[in-house]
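Novice: Take this structure first; my questions come after.
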Amino acid sequence: MEIKKQIAKDLLQIQAVFFRPDEPFTWASGIKSPVYCDNRLTLTAPEVRTHVENGLAELIQSEYPQAEVLMGTSTAGIAHAAITAHILGMPMGYVRSGAKDHGRQNQIEGRLEKGQKVVVVEDLISTGGSVLEVVNVLREAGAEVLGIVSIFTYGMKKGLERLKEAGVKNTSLTDFDMVAETAAEENYIRPEEVARLLAFRDNPSDESWIGK
C-alpha cells in the first residue's frame with residue numbers, strides 16, 4: 001500500500017486524526033476546526049509507530065540523502081527524531097521553544113557543528129510558524145537546514161506560503177486531503193463531507209462550511 005494512504009489509515013484508526021464536522025473543535029486561536037489531530041498517539045500504538053518511523057527514515061533517505069543530523073521540534077518531534085535517527089544510525093538533537101534559563105542556557109540540545117546539514121523532524125504542520133522558528137534557530141547556529149520531514153500537513157495556504165518565503169522544503173508522510181479522502185472511503189465520515197473539510201483547509205477563518 002502506498003505510504004501516504006497507509007499512514008492516513010493508521011492515523012484514522014487510532015484517532016490521531018479525528019473528524020467532527022458537525023461539532024467543530026475550537027483551536028487556541030479561536031478558529032473552529034472540523035478536525036482534531038494528535039500525532040503523539042502514534043507513540044503508544046507500536047504497529048503504527050513502526051510505519052511512521054520507517055516512513056520518516058525512507059523520506060529522509062530519498063529527499064535529503066546528504067543529511068548529517070536530525071533535529072526534532074520541541075516537544076512533539078523529539079521522539080520521532082530519536083527513533084528515526086536510531087533507524088538510520090544518525091546523530092540527533094532537538095530545539096527548545098526557548099533557551100534554558102539555567103546551566104549553559106542552550107536552545108539547541110545535542111551537538112551541532114557549524115555547516116552541518118540538518119533535517120528538522122516535526123509531527124504536524126498547519127500554519128508553519130513554530131517549525132520555521134526552529135529552522136531559524138538552527139540557521140543562526142550555522143547549520144545548513146536541508147528541509148523538514150513531518151507526519152502530517154494540513155496544506156493550508158498560509159503554511160505553504162510561509163515555507164516558500166523562508167526557502168524551506170517540507171515533505172510529509174500524509175496530508176489533509178488524503179486523510180479526508182480515506183476517512184470517507186473507510187466510513188469515518190460521509191462522502192459529501194469531504195468538500196466541507198477541504199473548504200476549511202482552504203480558508204480556516206471562513207466558517208461557512210459549518211452546518212452545511
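Just so we're on the same page: first chain in the C-alpha cells is A, next is B, and so on; residues restart at 1 for each chain, and ligands are numbered from 1 in the order they show up.
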Any idea what's packed within 9 Å of range 125-134 of chain A, counting only C-alpha atoms, ignoring anything in its chain fewer than 4 positions away? Could you give it as a ChimeraX atom specification?

Specialist: /A:71-74,95-97,120,138-139,148,150-163,166,168,172

Novice: Quick one: residues within 8 Å of range 50-63 of chain A, only C-alpha atoms counted, chain neighbours fewer than 5 positions away excluded, as a PyMOL selection string?

Specialist: chain A and resi 3+7+42+80+83-85+87-88+119+149-151+171+173

Novice: So that I can check the secondary structure, give me every residue of range 94-166 of chain A assigned strand (DSSP E or B) by backbone DSSP, as a list in words.

Specialist: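 Matching residues for strand (DSSP E or B) in range 94-166 of chain A are Tyr94, Val95, Ile108, Glu109, Lys117, Val118, Val119, Val120, Val121, Glu122, Asp123, Leu124, Ile125, Glu144, Val145, Leu146, Gly147, Ile148, Val149, Ser150, Ile151, Phe152 and Thr153 of chain A.
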
Novice: When you look at Ala76 in chain A with a cut-off of 8 Å (counting only C-alpha atoms), what residues show up, excluding the ones that are within fewer than 5 positions of it in the same chain? I need them as a PDB file with N, CA, C and O atoms, in the first residue's frame.

Specialist:
```
ATOM      1  N   ARG A  40       0.831  12.433  18.757  1.00  0.00           N
ATOM      2  CA  ARG A  40       1.516  11.773  19.875  1.00  0.00           C
ATOM      3  C   ARG A  40       0.931  10.382  20.108  1.00  0.00           C
ATOM      4  O   ARG A  40       1.603   9.506  20.666  1.00  0.00           O
ATOM      5  N   GLU A 122       9.314  17.034  12.448  1.00  0.00           N
ATOM      6  CA  GLU A 122       8.126  17.642  13.061  1.00  0.00           C
ATOM      7  C   GLU A 122       6.968  16.660  12.954  1.00  0.00           C
ATOM      8  O   GLU A 122       6.926  15.818  12.059  1.00  0.00           O
ATOM      9  N   ASP A 123       5.998  16.749  13.869  1.00  0.00           N
ATOM     10  CA  ASP A 123       4.868  15.813  13.770  1.00  0.00           C
ATOM     11  C   ASP A 123       3.749  16.360  12.896  1.00  0.00           C
ATOM     12  O   ASP A 123       3.116  15.621  12.158  1.00  0.00           O
TER      13      ASP A 123
END
```

Novice: Hey, what's within 8 Å of Met90 in chain A if we count only C-alpha atoms and toss same-chain stuff fewer than 5 positions away? As an NGL selection string, please?

Specialist: :A and (68-70 or 85)

Novice: Go ahead and write the residues just picked, N, CA and C atoms, as a PDB file, in the first residue's frame.

Specialist:
```pdb
ATOM      1  N   GLU A  68      23.114  15.005   7.741  1.00  0.00           N
ATOM      2  CA  GLU A  68      24.145  14.574   8.700  1.00  0.00           C
ATOM      3  C   GLU A  68      23.612  14.467  10.125  1.00  0.00           C
ATOM      4  N   VAL A  69      22.554  15.205  10.437  1.00  0.00           N
ATOM      5  CA  VAL A  69      21.995  15.179  11.788  1.00  0.00           C
ATOM      6  C   VAL A  69      20.503  15.511  11.715  1.00  0.00           C
ATOM      7  N   LEU A  70      19.704  14.876  12.590  1.00  0.00           N
ATOM      8  CA  LEU A  70      18.281  15.168  12.677  1.00  0.00           C
ATOM      9  C   LEU A  70      18.025  16.026  13.908  1.00  0.00           C
ATOM     10  N   ALA A  85      16.346   8.612  13.879  1.00  0.00           N
ATOM     11  CA  ALA A  85      17.810   8.681  13.884  1.00  0.00           C
ATOM     12  C   ALA A  85      18.411   7.329  14.258  1.00  0.00           C
TER      13      ALA A  85
END
```

Novice: Identify, on the basis of only C-alpha atoms, every residue whose closest approach to Ile189 in chain A does not exceed 12 Å; exclude the query and any residue fewer than 6 positions from it along the same chain; express the result as a PDB file with N, CA, C and O atoms, in the first residue's frame.

Specialist:
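In the end it all went to part_37.pdb:
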```
ATOM      1  N   LEU A  12      -6.237   7.544  11.251  1.00  0.00           N
ATOM      2  CA  LEU A  12      -7.684   7.462  11.487  1.00  0.00           C
ATOM      3  C   LEU A  12      -8.022   6.327  12.449  1.00  0.00           C
ATOM      4  O   LEU A  12      -8.853   6.474  13.349  1.00  0.00           O
ATOM      5  N   PHE A  18      -9.019  12.948  13.932  1.00  0.00           N
ATOM      6  CA  PHE A  18     -10.418  12.667  14.250  1.00  0.00           C
ATOM      7  C   PHE A  18     -11.275  13.777  13.661  1.00  0.00           C
ATOM      8  O   PHE A  18     -11.085  14.950  13.980  1.00  0.00           O
ATOM      9  N   PHE A  19     -12.200  13.419  12.779  1.00  0.00           N
ATOM     10  CA  PHE A  19     -13.065  14.414  12.130  1.00  0.00           C
ATOM     11  C   PHE A  19     -14.408  14.536  12.859  1.00  0.00           C
ATOM     12  O   PHE A  19     -15.037  13.518  13.182  1.00  0.00           O
ATOM     13  N   ARG A  20     -14.818  15.786  13.066  1.00  0.00           N
ATOM     14  CA  ARG A  20     -16.120  16.042  13.677  1.00  0.00           C
ATOM     15  C   ARG A  20     -16.716  17.311  13.057  1.00  0.00           C
ATOM     16  O   ARG A  20     -16.855  18.344  13.728  1.00  0.00           O
ATOM     17  N   PRO A  21     -17.079  17.255  11.782  1.00  0.00           N
ATOM     18  CA  PRO A  21     -17.538  18.472  11.099  1.00  0.00           C
ATOM     19  C   PRO A  21     -18.837  19.057  11.645  1.00  0.00           C
ATOM     20  O   PRO A  21     -19.066  20.262  11.524  1.00  0.00           O
ATOM     21  N   ASP A  22     -19.679  18.223  12.264  1.00  0.00           N
ATOM     22  CA  ASP A  22     -20.948  18.742  12.796  1.00  0.00           C
ATOM     23  C   ASP A  22     -20.799  19.335  14.201  1.00  0.00           C
ATOM     24  O   ASP A  22     -21.665  20.058  14.664  1.00  0.00           O
ATOM     25  N   PRO A  34     -12.978  21.344  11.980  1.00  0.00           N
ATOM     26  CA  PRO A  34     -13.681  20.059  11.913  1.00  0.00           C
ATOM     27  C   PRO A  34     -12.767  18.879  12.230  1.00  0.00           C
ATOM     28  O   PRO A  34     -13.194  17.727  12.189  1.00  0.00           O
ATOM     29  N   VAL A  35     -11.502  19.172  12.521  1.00  0.00           N
ATOM     30  CA  VAL A  35     -10.540  18.086  12.707  1.00  0.00           C
ATOM     31  C   VAL A  35      -9.720  18.292  13.986  1.00  0.00           C
ATOM     32  O   VAL A  35      -9.362  19.404  14.341  1.00  0.00           O
ATOM     33  N   VAL A 179      -6.115  12.150   4.060  1.00  0.00           N
ATOM     34  CA  VAL A 179      -6.813  11.646   5.244  1.00  0.00           C
ATOM     35  C   VAL A 179      -8.317  11.847   5.093  1.00  0.00           C
ATOM     36  O   VAL A 179      -9.112  10.966   5.449  1.00  0.00           O
ATOM     37  N   ALA A 180      -8.742  12.988   4.546  1.00  0.00           N
ATOM     38  CA  ALA A 180     -10.172  13.237   4.324  1.00  0.00           C
ATOM     39  C   ALA A 180     -10.758  12.223   3.332  1.00  0.00           C
ATOM     40  O   ALA A 180     -11.837  11.650   3.560  1.00  0.00           O
ATOM     41  N   GLU A 181     -10.032  11.995   2.254  1.00  0.00           N
ATOM     42  CA  GLU A 181     -10.483  11.032   1.233  1.00  0.00           C
ATOM     43  C   GLU A 181     -10.586   9.626   1.819  1.00  0.00           C
ATOM     44  O   GLU A 181     -11.565   8.907   1.602  1.00  0.00           O
ATOM     45  N   THR A 182      -9.574   9.246   2.594  1.00  0.00           N
ATOM     46  CA  THR A 182      -9.553   7.914   3.204  1.00  0.00           C
ATOM     47  C   THR A 182     -10.651   7.778   4.255  1.00  0.00           C
ATOM     48  O   THR A 182     -11.269   6.719   4.384  1.00  0.00           O
ATOM     49  N   ALA A 183     -10.911   8.855   4.997  1.00  0.00           N
ATOM     50  CA  ALA A 183     -11.965   8.832   6.019  1.00  0.00           C
ATOM     51  C   ALA A 183     -13.323   8.546   5.388  1.00  0.00           C
ATOM     52  O   ALA A 183     -14.138   7.804   5.952  1.00  0.00           O
ATOM     53  N   ALA A 195     -15.980  17.733   0.913  1.00  0.00           N
ATOM     54  CA  ALA A 195     -15.937  19.098   0.375  1.00  0.00           C
ATOM     55  C   ALA A 195     -15.915  20.131   1.496  1.00  0.00           C
ATOM     56  O   ALA A 195     -15.222  21.153   1.403  1.00  0.00           O
ATOM     57  N   ARG A 196     -16.661  19.870   2.580  1.00  0.00           N
ATOM     58  CA  ARG A 196     -16.665  20.789   3.723  1.00  0.00           C
ATOM     59  C   ARG A 196     -15.292  20.840   4.373  1.00  0.00           C
ATOM     60  O   ARG A 196     -14.807  21.906   4.757  1.00  0.00           O
ATOM     61  N   LEU A 197     -14.666  19.677   4.509  1.00  0.00           N
ATOM     62  CA  LEU A 197     -13.341  19.614   5.119  1.00  0.00           C
ATOM     63  C   LEU A 197     -12.312  20.375   4.290  1.00  0.00           C
ATOM     64  O   LEU A 197     -11.474  21.101   4.828  1.00  0.00           O
TER      65      LEU A 197
END
```

Novice: Excluding Ile14 in chain A and residues on its chain fewer than 6 positions from it, collect all residues at most 12 Å away from it, counting only C-alpha atoms, and give them as JSON, numbers by chain.

Specialist: {"A": [7, 8, 37, 38, 39, 40, 41, 42, 43, 44, 45, 46, 47, 48, 49]}

Novice: For Asn203 in chain A, which residue among A:Ser33, A:Gly167, A:Ala81, A:Glu109 is the nearest when counting only C-alpha atoms?

Specialist: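 The answer is A:Ser33, which sits nearest to Asn203 in chain A.
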
Novice: Would you mind writing down, as a ChimeraX atom specification, each residue of chain A that DSSP on the backbone assigns to helix (DSSP H, G or I)?

Specialist: /A:3-13,39-44,46-63,76-88,129-140,157-165,176-185,191-202,207-209

Novice: Taking only C-alpha atoms into account, which of A:Lys32, A:Gln107, A:Lys164, A:Val121 comes nearest Phe200 in chain A?

Specialist: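 Of all the options, A:Lys32 lies closest to Phe200 in chain A.
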
Novice: Do you know which residues are at most 8 Å from Lys117 in chain A counting only C-alpha atoms, after dropping those on the same chain fewer than 4 positions away, and could you put them as JSON, numbers by chain?

Specialist: {"A": [66, 67, 68, 69, 143, 144, 145, 146]}

Novice: Could you save those same residues with N, CA and C atoms as a compact mmCIF listing (two decimals), in the first residue's frame?

Specialist:
```txt
# COMPACT_ATOMS: atom_id res chain seq x y z
N GLN A 66 21.87 13.84 1.81
CA GLN A 66 23.11 14.40 2.40
C GLN A 66 22.98 14.71 3.88
N ALA A 67 21.84 14.42 4.47
CA ALA A 67 21.59 14.77 5.88
C ALA A 67 22.67 14.19 6.79
N GLU A 68 23.11 15.01 7.74
CA GLU A 68 24.15 14.57 8.70
C GLU A 68 23.61 14.47 10.13
N VAL A 69 22.55 15.20 10.44
CA VAL A 69 21.99 15.18 11.79
C VAL A 69 20.50 15.51 11.72
N ALA A 143 23.89 26.05 11.05
CA ALA A 143 23.53 24.80 10.37
C ALA A 143 23.00 25.08 8.96
N GLU A 144 23.18 24.12 8.09
CA GLU A 144 22.54 24.17 6.77
C GLU A 144 21.28 23.31 6.84
N VAL A 145 20.12 23.95 6.89
CA VAL A 145 18.86 23.21 7.01
C VAL A 145 18.42 22.75 5.62
N LEU A 146 18.47 21.44 5.41
CA LEU A 146 18.09 20.88 4.11
C LEU A 146 16.58 20.92 3.92
```

Novice: Which value, in Å to one decimal, gives the distance between CA of Val135 in chain A and CA of Asp202 in chain A?

Specialist: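 Between CA of Val135 in chain A and CA of Asp202 in chain A the gap is 25.0 Å.
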
Novice: Select, from A:Ala82, A:Pro204, A:Ile108, A:Asp177, the residue with the minimum atom-to-atom distance to Gly30 in chain A, counting only C-alpha atoms.

Specialist: A:Pro204
